[in-house]
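K.L.:
I am attaching a structure below and will ask some questions about it afterwards.
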Amino acid sequence: MTDSWTKVATADAVPEGGVLAVYPGGLGLLLAKVGGAVYAIANRCAHMACPLESGACESFLLTCPCHDWRFDVRTGAFVEAPEISIPTYPVRVTDGEVFVSVQSR
């Protein structure tokens with residue numbers, strides 16, 4: 001498995017307390033910024049693959065707009081049943097640019 005860092009946005013494009021959908025290589029990701037830190041999570045709910053981009057983000061919790069499932073943007077864990085999760089991806093911010101590591105499998 002190799003890591004590939006891909007520029008996906010500028011840090012300013014991700015609103016504090018909000019989300020931004022990005023599609024590196026066609027992979028649907030959601031960037032969330034909480035306390036100035038940027039997190040990357042898959043842009044689909046574990047329940048019925050509903051897009052999460054129109055969901056509410058409060059602190060570290062992202063709520064699915066379809067069925068109100070809540071996920072921690074740091075870990076991808078479903079709050080009510082942590083054994084269920086959605087993928088998260090490593091993020092680094094360098095010189096105001098956001099890079100996500102997408103692992104080839």
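Residues in the structure tokens are named by chain (A, B, ... in the order shown) and by number from 1 within that chain; ligands are numbered from 1 in the order shown.
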Quick one: residues within 8 Å of Pro90 of chain A, only C-alpha atoms, excluding same-chain residues fewer than 4 positions away - as a PyMOL selection string?
P.N.:
chain A and resi 39-40+100-102
K.L.:
DSSP on the backbone, strand (DSSP E) only: what residues of chain A does that give? Format it as JSON, numbers by chain.
P.N.:
{"A": [2, 3, 4, 5, 6, 7, 8, 9, 10, 19, 20, 21, 22, 29, 30, 31, 32, 33, 34, 37, 38, 39, 40, 41, 42, 56, 57, 58, 61, 62, 63, 70, 71, 72, 88, 89, 91, 92, 93, 94, 97, 98, 99, 100, 101, 102, 103, 104]}
K.L.:
Report, in Å to a single decimal, how far apart atom CA of Ser4 of chain A and atom CA of Val98 of chain A are.
P.N.:
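Atom-to-atom, atom CA of Val98 of chain A to atom CA of Ser4 of chain A, that is 13.2 Å.
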K.L.:
Mind pulling up the distance from atom CA of Trp5 of chain A to atom CA of Leu30 of chain A?
P.N.:
15.7 Å
K.L.:
Which polymer residues have any atom within 12 Å of an atom of segment 33-38 of chain A, counting only C-alpha atoms, with same-chain residues fewer than 5 positions away left out, as number ranges by chain?
P.N.:
A: 8-21, 57-62, 72-74, 88-94, 96-100
K.L.:
Taking only C-alpha atoms into account, which of A:Arg70, A:Ala46, A:Phe78, A:Thr6 comes nearest Leu27 of chain A?
P.N.:
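With only C-alpha atoms as the atom set, the closest residue is A:Thr6.
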K.L.:
Tell me which protein, DNA and RNA residues are within 8 Å of Ile86 of chain A, counting only C-alpha atoms, leaving out same-chain ones fewer than 2 positions away, and put them as a list of chain:residue names.
P.N.:
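My list of contacting residues is A:Ile41, A:Ala42, A:Arg44, A:Cys45, A:Ala46, A:Gly76, A:Ala77, A:Phe78, A:Ile84, A:Thr88.
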K.L.:
Residues as selected, N, CA, C and O atoms, written as a PDB file, in the first residue's frame, can you do that?
P.N.:
```pdb
ATOM      1  N   ILE A  41     -13.265  12.903   5.374  1.00  0.00           N
ATOM      2  CA  ILE A  41     -14.115  11.742   5.619  1.00  0.00           C
ATOM      3  C   ILE A  41     -14.841  11.412   4.315  1.00  0.00           C
ATOM      4  O   ILE A  41     -15.060  12.286   3.483  1.00  0.00           O
ATOM      5  N   ALA A  42     -15.193  10.151   4.127  1.00  0.00           N
ATOM      6  CA  ALA A  42     -15.944   9.765   2.928  1.00  0.00           C
ATOM      7  C   ALA A  42     -17.263  10.527   2.887  1.00  0.00           C
ATOM      8  O   ALA A  42     -17.899  10.738   3.921  1.00  0.00           O
ATOM      9  N   ARG A  44     -20.241   9.810   2.129  1.00  0.00           N
ATOM     10  CA  ARG A  44     -21.390   8.912   2.012  1.00  0.00           C
ATOM     11  C   ARG A  44     -21.662   8.280   3.366  1.00  0.00           C
ATOM     12  O   ARG A  44     -20.748   7.877   4.079  1.00  0.00           O
ATOM     13  N   CYS A  45     -22.912   8.218   3.715  1.00  0.00           N
ATOM     14  CA  CYS A  45     -23.326   7.635   4.980  1.00  0.00           C
ATOM     15  C   CYS A  45     -23.180   6.111   4.924  1.00  0.00           C
ATOM     16  O   CYS A  45     -23.383   5.497   3.871  1.00  0.00           O
ATOM     17  N   ALA A  46     -22.860   5.507   6.052  1.00  0.00           N
ATOM     18  CA  ALA A  46     -22.728   4.051   6.125  1.00  0.00           C
ATOM     19  C   ALA A  46     -24.078   3.351   6.042  1.00  0.00           C
ATOM     20  O   ALA A  46     -24.142   2.162   5.764  1.00  0.00           O
ATOM     21  N   GLY A  76     -14.563   8.787  11.924  1.00  0.00           N
ATOM     22  CA  GLY A  76     -15.550   8.174  11.041  1.00  0.00           C
ATOM     23  C   GLY A  76     -16.565   7.327  11.776  1.00  0.00           C
ATOM     24  O   GLY A  76     -17.475   6.768  11.168  1.00  0.00           O
ATOM     25  N   ALA A  77     -16.444   7.193  13.108  1.00  0.00           N
ATOM     26  CA  ALA A  77     -17.326   6.321  13.880  1.00  0.00           C
ATOM     27  C   ALA A  77     -18.747   6.877  13.969  1.00  0.00           C
ATOM     28  O   ALA A  77     -18.948   8.069  14.170  1.00  0.00           O
ATOM     29  N   PHE A  78     -19.708   5.983  13.835  1.00  0.00           N
ATOM     30  CA  PHE A  78     -21.119   6.283  14.045  1.00  0.00           C
ATOM     31  C   PHE A  78     -21.304   6.424  15.554  1.00  0.00           C
ATOM     32  O   PHE A  78     -20.971   5.516  16.316  1.00  0.00           O
ATOM     33  N   ILE A  84     -19.688   0.713  13.685  1.00  0.00           N
ATOM     34  CA  ILE A  84     -20.044   1.114  12.321  1.00  0.00           C
ATOM     35  C   ILE A  84     -19.302   2.414  12.039  1.00  0.00           C
ATOM     36  O   ILE A  84     -19.318   3.335  12.855  1.00  0.00           O
ATOM     37  N   THR A  88     -12.053   7.498   6.902  1.00  0.00           N
ATOM     38  CA  THR A  88     -11.427   8.805   7.064  1.00  0.00           C
ATOM     39  C   THR A  88     -10.079   8.754   6.365  1.00  0.00           C
ATOM     40  O   THR A  88      -9.550   7.666   6.094  1.00  0.00           O
TER      41      THR A  88
END
```
K.L.:
Please identify which residues in chain A DSSP calls helix (DSSP H, G or I) from the backbone, and express them as JSON, numbers by chain.
P.N.:
{"A": [11, 12, 13, 24, 25, 26]}
K.L.:
Next, the residues of the selection above should be written as a PDB file, in the first residue's frame with all heavy atoms.
P.N.:
```
ATOM      1  N   ALA A  11      -7.033  25.940   2.375  1.00  0.00           N
ATOM      2  CA  ALA A  11      -7.578  25.908   3.734  1.00  0.00           C
ATOM      3  C   ALA A  11      -8.697  26.933   3.898  1.00  0.00           C
ATOM      4  O   ALA A  11      -9.677  26.688   4.614  1.00  0.00           O
ATOM      5  CB  ALA A  11      -6.465  26.147   4.746  1.00  0.00           C
ATOM      6  N   ASP A  12      -8.577  28.072   3.220  1.00  0.00           N
ATOM      7  CA  ASP A  12      -9.609  29.110   3.313  1.00  0.00           C
ATOM      8  C   ASP A  12     -10.931  28.691   2.684  1.00  0.00           C
ATOM      9  O   ASP A  12     -11.985  29.240   3.016  1.00  0.00           O
ATOM     10  CB  ASP A  12      -9.131  30.404   2.650  1.00  0.00           C
ATOM     11  CG  ASP A  12      -8.017  31.081   3.435  1.00  0.00           C
ATOM     12  OD1 ASP A  12      -7.855  30.771   4.634  1.00  0.00           O
ATOM     13  OD2 ASP A  12      -7.314  31.917   2.847  1.00  0.00           O
ATOM     14  N   ALA A  13     -10.899  27.718   1.768  1.00  0.00           N
ATOM     15  CA  ALA A  13     -12.124  27.274   1.097  1.00  0.00           C
ATOM     16  C   ALA A  13     -12.997  26.406   2.003  1.00  0.00           C
ATOM     17  O   ALA A  13     -14.182  26.226   1.740  1.00  0.00           O
ATOM     18  CB  ALA A  13     -11.778  26.511  -0.179  1.00  0.00           C
ATOM     19  N   PRO A  24     -11.089  14.071  -5.288  1.00  0.00           N
ATOM     20  CA  PRO A  24      -9.776  13.732  -5.849  1.00  0.00           C
ATOM     21  C   PRO A  24      -9.824  12.388  -6.575  1.00  0.00           C
ATOM     22  O   PRO A  24     -10.222  11.378  -5.990  1.00  0.00           O
ATOM     23  CB  PRO A  24      -8.865  13.676  -4.619  1.00  0.00           C
ATOM     24  CG  PRO A  24      -9.780  13.364  -3.479  1.00  0.00           C
ATOM     25  CD  PRO A  24     -11.089  14.027  -3.831  1.00  0.00           C
ATOM     26  N   GLY A  25      -9.467  12.403  -7.841  1.00  0.00           N
ATOM     27  CA  GLY A  25      -9.483  11.169  -8.627  1.00  0.00           C
ATOM     28  C   GLY A  25     -10.851  10.523  -8.698  1.00  0.00           C
ATOM     29  O   GLY A  25     -10.962   9.318  -8.870  1.00  0.00           O
ATOM     30  N   GLY A  26     -11.914  11.310  -8.532  1.00  0.00           N
ATOM     31  CA  GLY A  26     -13.274  10.777  -8.589  1.00  0.00           C
ATOM     32  C   GLY A  26     -13.777  10.204  -7.268  1.00  0.00           C
ATOM     33  O   GLY A  26     -14.911   9.760  -7.187  1.00  0.00           O
TER      34      GLY A  26
END
```
K.L.:
So, with only C-alpha atoms as the atoms that count, which of A:Thr63, A:Asn43, A:Ala56, A:Pro51 lies closest to Glu80 of chain A?
P.N.:
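Nearest to Glu80 of chain A: A:Thr63.
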